[in-house]
$ cat structure34.txt   # compact mmCIF, C-alpha atoms
# COMPACT_ATOMS: atom_id res chain seq x y z
CA GLU A 1 142.52 84.12 107.47
CA THR A 2 141.44 81.41 109.90
CA GLY A 3 140.94 78.64 107.36
CA VAL A 4 137.33 78.14 108.48
CA THR A 5 134.97 78.29 105.53
CA GLN A 6 131.18 78.44 105.38
CA SER A 7 128.65 78.06 102.61
CA PRO A 8 126.57 79.62 101.31
CA THR A 9 127.44 83.23 102.14
CA HIS A 10 123.87 84.45 101.76
CA LEU A 11 120.54 82.68 101.65
CA ILE A 12 116.91 83.74 101.38
CA LYS A 13 114.23 81.32 102.51
CA THR A 14 110.51 81.41 103.11
CA ARG A 15 108.87 80.82 106.49
CA GLY A 16 108.25 77.10 107.05
CA GLN A 17 111.06 75.94 104.80
CA GLN A 18 114.16 74.04 105.86
CA VAL A 19 117.78 75.11 105.45
CA THR A 20 121.20 73.45 105.67
CA LEU A 21 124.34 75.47 106.32
CA ARG A 22 127.85 74.06 105.98
CA CYS A 23 131.16 74.64 107.68
CA SER A 24 134.68 73.33 107.12
CA SER A 25 136.89 73.58 110.17
CA GLN A 26 140.47 74.75 110.34
CA SER A 27 143.07 72.07 109.71
CA GLY A 28 143.93 70.24 112.94
CA HIS A 29 140.72 71.27 114.72
CA ASN A 30 138.28 68.58 115.82
CA THR A 31 135.55 70.74 117.37
CA VAL A 32 132.96 72.91 115.65
CA SER A 33 130.54 75.27 117.37
CA TRP A 34 127.60 77.03 115.77
CA TYR A 35 126.28 80.46 116.72
CA GLN A 36 123.38 82.68 115.75
CA GLN A 37 124.05 86.42 115.71
CA ALA A 38 121.15 88.83 115.40
CA LEU A 39 121.81 92.43 114.45
CA GLY A 40 123.30 94.41 117.33
CA GLN A 41 123.73 91.34 119.52
CA GLY A 42 126.58 89.04 120.41
CA PRO A 43 126.73 85.53 118.97
CA GLN A 44 124.39 83.08 120.75
CA PHE A 45 125.70 79.54 121.20
CA ILE A 46 123.54 76.94 119.41
CA PHE A 47 125.57 73.75 119.91
CA GLN A 48 128.98 72.21 119.61
CA TYR A 49 130.22 69.03 117.96
CA TYR A 50 133.31 67.19 119.11
CA ARG A 51 134.43 64.07 117.27
CA GLU A 52 131.05 63.71 115.57
CA GLU A 53 129.02 63.89 118.80
CA GLU A 54 126.98 66.80 120.12
CA ASN A 55 128.94 68.17 123.06
CA GLY A 56 126.85 70.95 124.55
CA ARG A 57 123.77 72.82 123.47
CA GLY A 58 122.48 76.33 124.08
CA ASN A 59 118.90 77.44 124.50
CA PHE A 60 117.65 76.62 121.00
CA PRO A 61 114.64 74.43 120.07
CA PRO A 62 115.03 70.92 118.58
CA ARG A 63 114.30 72.22 115.07
CA PHE A 64 117.93 73.35 115.16
CA SER A 65 120.02 70.23 114.59
CA GLY A 66 123.48 69.43 113.39
CA LEU A 67 125.99 66.90 112.19
CA GLN A 68 129.73 66.55 112.22
CA PHE A 69 131.51 64.37 109.69
CA PRO A 70 134.68 62.26 110.04
CA ASN A 71 136.72 65.07 108.45
CA TYR A 72 135.32 67.38 111.19
CA SER A 73 133.29 69.49 108.80
CA SER A 74 129.79 70.22 110.03
CA GLU A 75 126.24 71.07 109.03
CA LEU A 76 123.57 73.11 110.77
CA ASN A 77 120.00 72.25 109.84
CA VAL A 78 117.04 74.41 110.72
CA ASN A 79 113.50 73.11 110.11
CA ALA A 80 110.24 75.03 109.99
CA LEU A 81 111.95 78.37 109.54
CA GLU A 82 110.52 81.36 111.38
CA LEU A 83 110.99 85.06 110.64
CA ASP A 84 113.09 85.41 113.84
CA ASP A 85 115.59 82.90 112.44
CA SER A 86 116.88 85.67 110.18
CA ALA A 87 120.44 86.24 111.39
CA LEU A 88 124.12 85.69 110.70
CA TYR A 89 125.04 82.07 111.40
CA LEU A 90 128.64 81.60 112.41
CA CYS A 91 130.63 78.47 112.88
CA ALA A 92 133.83 78.36 114.87
CA SER A 93 136.44 75.64 115.08
CA SER A 94 138.77 74.83 117.92
CA PHE A 95 141.07 72.09 119.09
CA LYS A 96 139.33 69.98 121.71
CA ALA A 97 136.05 70.84 123.33
CA SER A 98 135.83 74.36 123.95
CA ALA A 99 137.59 75.90 126.80
CA ASN A 100 139.95 76.95 124.07
CA GLU A 101 140.18 79.78 121.62
CA GLN A 102 137.80 79.54 118.71
CA TYR A 103 138.35 80.63 115.14
CA PHE A 104 135.33 81.82 113.22
CA GLY A 105 134.29 81.45 109.63
CA PRO A 106 132.85 84.39 107.69
CA GLY A 107 129.27 83.35 108.39
CA THR A 108 126.11 82.69 106.43
CA ARG A 109 123.55 85.48 106.37
CA LEU A 110 120.08 83.92 106.39
CA THR A 111 116.99 85.96 105.60
CA VAL A 112 113.58 84.41 106.20
CA THR A 113 110.65 86.11 104.50
CA ARG B 1 120.49 89.41 135.23
CA LYS B 2 122.17 88.44 131.97
CA GLU B 3 124.97 85.89 132.18
CA VAL B 4 127.47 88.21 130.50
CA GLU B 5 126.96 91.96 130.38
CA GLN B 6 128.75 94.68 128.47
CA ASP B 7 128.07 98.37 128.01
CA PRO B 8 127.16 98.60 124.31
CA GLY B 9 128.61 102.12 124.01
CA PRO B 10 129.55 103.56 121.64
CA PHE B 11 132.76 104.76 123.17
CA ASN B 12 133.87 107.70 121.04
CA VAL B 13 137.54 108.57 121.65
CA PRO B 14 140.26 110.58 119.85
CA GLU B 15 143.36 108.95 118.43
CA GLY B 16 145.96 108.40 121.09
CA ALA B 17 143.48 108.07 123.93
CA THR B 18 143.38 105.26 126.44
CA VAL B 19 140.06 103.47 126.72
CA ALA B 20 138.87 100.65 128.97
CA PHE B 21 135.94 98.26 128.73
CA ASN B 22 134.52 96.01 131.40
CA CYS B 23 132.48 92.85 131.12
CA THR B 24 130.67 91.30 134.08
CA TYR B 25 129.60 87.68 134.36
CA SER B 26 127.19 85.94 136.70
CA ASN B 27 128.48 82.36 136.86
CA SER B 28 131.16 82.19 139.53
CA ALA B 29 132.24 78.76 138.21
CA SER B 30 133.22 80.20 134.82
CA GLN B 31 136.53 78.81 133.66
CA SER B 32 137.92 80.65 130.67
CA PHE B 33 137.67 84.15 129.35
CA PHE B 34 138.43 85.84 126.04
CA TRP B 35 138.15 89.10 124.18
CA TYR B 36 137.18 89.07 120.51
CA ARG B 37 137.07 91.91 118.04
CA GLN B 38 134.35 92.13 115.39
CA ASP B 39 134.45 94.57 112.49
CA CYS B 40 131.22 95.64 110.84
CA ARG B 41 129.61 92.74 108.96
CA LYS B 42 132.61 90.49 109.59
CA GLU B 43 133.21 87.49 111.81
CA PRO B 44 134.60 87.80 115.35
CA LYS B 45 138.36 87.41 115.61
CA LEU B 46 140.21 86.37 118.72
CA LEU B 47 141.98 89.34 120.30
CA MET B 48 143.33 87.76 123.45
CA SER B 49 142.75 85.27 126.21
CA VAL B 50 142.32 86.58 129.74
CA TYR B 51 144.21 85.05 132.65
CA SER B 52 144.00 85.63 136.38
CA SER B 53 147.51 87.06 136.29
CA GLY B 54 146.51 89.46 133.54
CA ASN B 55 148.10 89.58 130.12
CA GLU B 56 149.41 92.19 127.77
CA ASP B 57 149.84 92.22 124.03
CA GLY B 58 151.31 95.45 122.75
CA ARG B 59 148.81 98.23 123.39
CA PHE B 60 146.19 95.83 124.76
CA THR B 61 145.95 94.65 128.37
CA ALA B 62 143.36 92.22 129.70
CA GLN B 63 142.59 91.55 133.34
CA LEU B 64 140.38 89.10 135.20
CA ASN B 65 138.89 89.83 138.61
CA ARG B 66 137.30 86.62 139.87
CA ALA B 67 136.23 88.10 143.21
CA SER B 68 134.12 90.77 141.53
CA GLN B 69 133.35 88.61 138.48
CA TYR B 70 134.46 90.88 135.70
CA ILE B 71 137.06 91.06 132.98
CA SER B 72 138.50 94.20 131.48
CA LEU B 73 140.24 95.31 128.32
CA LEU B 74 142.49 98.35 128.21
CA ILE B 75 143.59 99.86 124.91
CA ARG B 76 146.39 102.40 125.05
CA ASP B 77 147.32 104.89 122.31
CA SER B 78 144.13 104.20 120.32
CA LYS B 79 144.43 103.99 116.53
CA LEU B 80 141.75 104.64 113.93
CA SER B 81 142.02 100.96 113.05
CA ASP B 82 140.93 100.00 116.58
CA SER B 83 137.38 101.08 115.70
CA ALA B 84 135.31 97.91 116.04
CA THR B 85 133.01 96.05 118.40
CA TYR B 86 134.74 94.25 121.26
CA LEU B 87 133.06 91.09 122.50
CA CYS B 88 133.83 89.36 125.75
CA VAL B 89 133.35 85.61 126.06
CA VAL B 90 132.97 83.63 129.25
CA THR B 91 133.06 79.83 129.16
CA GLY B 92 131.56 77.69 131.89
CA ALA B 93 131.12 73.97 132.39
CA SER B 94 127.61 72.60 131.98
CA GLY B 95 126.80 68.90 132.13
CA GLY B 96 130.25 67.80 131.08
CA SER B 97 130.66 70.25 128.24
CA TYR B 98 131.80 73.84 127.99
CA ILE B 99 129.29 76.49 127.05
CA PRO B 100 130.70 79.80 125.75
CA THR B 101 128.57 82.88 126.37
CA PHE B 102 129.21 86.08 124.46
CA GLY B 103 128.36 89.54 125.65
CA ARG B 104 126.52 91.80 123.20
CA GLY B 105 129.71 93.75 122.53
CA THR B 106 131.02 97.25 123.15
CA SER B 107 131.35 99.56 120.17
CA LEU B 108 134.52 101.66 119.95
CA ILE B 109 134.87 104.57 117.54
CA VAL B 110 138.29 106.20 117.33
CA HIS B 111 138.24 109.55 115.54
CA PRO B 112 141.07 111.74 114.21
$ encode --input "structure34.txt" --output "structure tokens"
Amino acid sequence: ETGVTQSPTHLIKTRGQQVTLRCSSQSGHNTVSWYQQALGQGPQFIFQYYREEENGRGNFPPRFSGLQFPNYSSELNVNALELDDSALYLCASSFKASANEQYFGPGTRLTVT
Amino acid sequence: RKEVEQDPGPFNVPEGATVAFNCTYSNSASQSFFWYRQDCRKEPKLLMSVYSSGNEDGRFTAQLNRASQYISLLIRDSKLSDSATYLCVVTGASGGSYIPTFGRGTSLIVHP
């Protein structure tokens, strides 16, 4: 076990709604990255937070936003949900900004109907 | 051309076989490289880092070829439990931060 936890494990939302996903990083890690993984694809980098600041962003629209808290836990918020947002959302923690190994949580499976 | 490319497979091999996967990347300034393993409906787990000098961990050997811009993973004496998807990750600097890019993964099926 990596010690990275995510909640909830599963979620069903309707198109247009908003969702918040949560992640607690592994003890001693100060960096959290979020990924979206569609079926049959590799994880796609959404963004990374290092010491409560966004520290890199992938090719995702502004309706994907995040936060990191002083205890290094993190939230991913997605507004105006679209059907294509249905995916497994993974967070990964690491020590320092990420040229380093990352340790993944079990993910949140989001279904948008 | 995709930034990181992998043959999705599946690679279907008998127990005891040796199997190798490659992963090519397009950004010549990429700085760090990893292999992850992902079991069905589970999260990716770090398998090993990849260094220019190559590295070995038991039955697994990873190599980096910067000139040709690819990394490889060799699995010797395959076990049934090696059946999984193997993801390569390439990390490159972008605007002061490091952006990791995953390949889509290569599926390995080891059969009795």
$ interface_residues --input "structure34.txt" --of "chain A" --to "chain B" --cutoff "6 Å" --atoms "only C-alpha atoms" --output "JSON, numbers by chain"
{"A": [41, 42, 55, 56, 98, 106]}
$ atom_distance --input "structure34.txt" --atom1 "CA of His111 (chain B)" --atom2 "CA of Thr61 (chain B)"
21.1 Å
$ axis_aligned_box --input "structure34.txt" --around "region 30-39 of chain B" --padding-each-side "5 Å" --output "lines of an AutoDock Vina configuration file"
center_x = 135.8
center_y = 86.7
center_z = 123.7
size_x = 15.2
size_y = 25.8
size_z = 32.3
$ residues_around --input "structure34.txt" --residues "Glu82 (chain A)" --least-positions-apart "6" --cutoff "9 Å" --atoms "all atoms listed in the file" --output "list in words"
Thr14, Arg15, Gly16, Gln17, Val112 and Thr113 of chain A
$ closest_residue --input "structure34.txt" --among "B:Val4, B:Val110, B:Ala17, B:Ala29" --to "Ser83 (chain B)" --atoms "only C-alpha atoms"
B:Val110
$ atom_distance --input "structure34.txt" --atom1 "CA of Ala87 (chain A)" --atom2 "CA of Gly40 (chain A)"
10.5 Å
$ atom_distance --input "structure34.txt" --atom1 "CA of Leu110 (chain A)" --atom2 "CA of Tyr72 (chain A)"
23.0 Å
$ residues_around --input "structure34.txt" --residues "Arg51 (chain A)" --least-positions-apart "6" --cutoff "9 Å" --atoms "all atoms listed in the file" --output "list in words"
Asn30, Thr31, Gln68, Phe69, Pro70, Tyr72 and Lys96 of chain A
$ closest_residue --input "structure34.txt" --among "B:Leu108, B:Arg66, B:Pro10, B:Arg37" --to "Phe104 (chain A)" --atoms "all atoms listed in the file"
B:Arg37
$ residues_near_point --input "structure34.txt" --point "(115.1, 75.3, 110.7)" --cutoff "10 Å" --atoms "all atoms listed in the file" --output "PDB file with C-alpha atoms, in the frame of the given file"
ATOM      1  CA  ARG A  15     108.870  80.820 106.490  1.00  0.00           C
ATOM      2  CA  GLY A  16     108.250  77.100 107.050  1.00  0.00           C
ATOM      3  CA  GLN A  17     111.060  75.940 104.800  1.00  0.00           C
ATOM      4  CA  GLN A  18     114.160  74.040 105.860  1.00  0.00           C
ATOM      5  CA  VAL A  19     117.780  75.110 105.450  1.00  0.00           C
ATOM      6  CA  THR A  20     121.200  73.450 105.670  1.00  0.00           C
ATOM      7  CA  PRO A  61     114.640  74.430 120.070  1.00  0.00           C
ATOM      8  CA  PRO A  62     115.030  70.920 118.580  1.00  0.00           C
ATOM      9  CA  ARG A  63     114.300  72.220 115.070  1.00  0.00           C
ATOM     10  CA  PHE A  64     117.930  73.350 115.160  1.00  0.00           C
ATOM     11  CA  SER A  65     120.020  70.230 114.590  1.00  0.00           C
ATOM     12  CA  LEU A  76     123.570  73.110 110.770  1.00  0.00           C
ATOM     13  CA  ASN A  77     120.000  72.250 109.840  1.00  0.00           C
ATOM     14  CA  VAL A  78     117.040  74.410 110.720  1.00  0.00           C
ATOM     15  CA  ASN A  79     113.500  73.110 110.110  1.00  0.00           C
ATOM     16  CA  ALA A  80     110.240  75.030 109.990  1.00  0.00           C
ATOM     17  CA  LEU A  81     111.950  78.370 109.540  1.00  0.00           C
ATOM     18  CA  GLU A  82     110.520  81.360 111.380  1.00  0.00           C
ATOM     19  CA  ASP A  85     115.590  82.900 112.440  1.00  0.00           C
TER      20      ASP A  85
END
$ closest_residue --input "structure34.txt" --among "B:Ile109, B:Cys40, B:Val19, B:Val50" --to "Leu80 (chain B)" --atoms "only C-alpha atoms"
B:Ile109
$ residues_around --input "structure34.txt" --residues "Glu3 (chain B)" --least-positions-apart "3" --cutoff "7 Å" --atoms "all atoms listed in the file" --output "number ranges by chain"
B: 25-27
$ decode --input "structure34.txt" --residues "region 67-93 of chain B" --atoms "N, CA and C atoms" --output "compact mmCIF listing (two decimals), in the first residue's frame"
# COMPACT_ATOMS: atom_id res chain seq x y z
N ALA B 67 20.00 8.49 -27.65
CA ALA B 67 20.27 8.82 -29.05
C ALA B 67 19.07 8.48 -29.93
N SER B 68 18.46 7.33 -29.66
CA SER B 68 17.31 6.91 -30.45
C SER B 68 15.98 7.23 -29.78
N GLN B 69 16.06 7.82 -28.59
CA GLN B 69 14.87 8.28 -27.86
C GLN B 69 13.88 7.16 -27.60
N TYR B 70 14.37 6.11 -26.93
CA TYR B 70 13.44 5.09 -26.48
C TYR B 70 13.94 4.50 -25.17
N ILE B 71 12.99 3.91 -24.43
CA ILE B 71 13.32 3.13 -23.27
C ILE B 71 12.76 1.72 -23.46
N SER B 72 13.34 0.78 -22.78
CA SER B 72 12.93 -0.60 -22.95
C SER B 72 12.78 -1.27 -21.59
N LEU B 73 11.98 -2.31 -21.58
CA LEU B 73 11.80 -3.14 -20.39
C LEU B 73 11.89 -4.59 -20.83
N LEU B 74 12.77 -5.33 -20.19
CA LEU B 74 12.95 -6.75 -20.48
C LEU B 74 12.52 -7.55 -19.26
N ILE B 75 11.67 -8.52 -19.48
CA ILE B 75 11.24 -9.41 -18.40
C ILE B 75 11.72 -10.81 -18.74
N ARG B 76 12.51 -11.36 -17.86
CA ARG B 76 13.01 -12.73 -18.07
C ARG B 76 12.18 -13.70 -17.25
N ASP B 77 12.14 -14.97 -17.70
CA ASP B 77 11.46 -16.03 -16.94
C ASP B 77 10.06 -15.57 -16.49
N SER B 78 9.22 -15.21 -17.44
CA SER B 78 7.89 -14.65 -17.15
C SER B 78 7.08 -15.55 -16.23
N LYS B 79 6.38 -14.93 -15.30
CA LYS B 79 5.46 -15.62 -14.39
C LYS B 79 4.03 -15.24 -14.74
N LEU B 80 3.10 -16.10 -14.33
CA LEU B 80 1.68 -15.78 -14.55
C LEU B 80 1.34 -14.43 -13.92
N SER B 81 1.95 -14.16 -12.78
CA SER B 81 1.66 -12.93 -12.05
C SER B 81 2.22 -11.67 -12.73
N ASP B 82 3.00 -11.86 -13.78
CA ASP B 82 3.49 -10.69 -14.53
C ASP B 82 2.43 -10.13 -15.48
N SER B 83 1.34 -10.86 -15.66
CA SER B 83 0.26 -10.41 -16.54
C SER B 83 -0.29 -9.09 -16.02
N ALA B 84 -0.20 -8.06 -16.85
CA ALA B 84 -0.59 -6.70 -16.44
C ALA B 84 -0.38 -5.79 -17.64
N THR B 85 -0.69 -4.52 -17.45
CA THR B 85 -0.34 -3.49 -18.44
C THR B 85 0.87 -2.74 -17.95
N TYR B 86 1.84 -2.55 -18.81
CA TYR B 86 3.09 -1.87 -18.45
C TYR B 86 3.12 -0.50 -19.12
N LEU B 87 3.20 0.52 -18.28
CA LEU B 87 3.14 1.91 -18.72
C LEU B 87 4.52 2.55 -18.64
N CYS B 88 4.94 3.20 -19.69
CA CYS B 88 6.17 3.98 -19.58
C CYS B 88 5.81 5.43 -19.32
N VAL B 89 6.68 6.12 -18.60
CA VAL B 89 6.47 7.52 -18.26
C VAL B 89 7.74 8.28 -18.58
N VAL B 90 7.56 9.40 -19.26
CA VAL B 90 8.67 10.27 -19.62
C VAL B 90 8.37 11.64 -19.04
N THR B 91 9.31 12.21 -18.32
CA THR B 91 9.10 13.51 -17.69
C THR B 91 10.02 14.54 -18.31
N GLY B 92 9.44 15.66 -18.73
CA GLY B 92 10.22 16.73 -19.33
C GLY B 92 9.90 18.05 -18.68
N ALA B 93 10.86 18.95 -18.71
CA ALA B 93 10.68 20.28 -18.13
C ALA B 93 9.85 21.14 -19.06
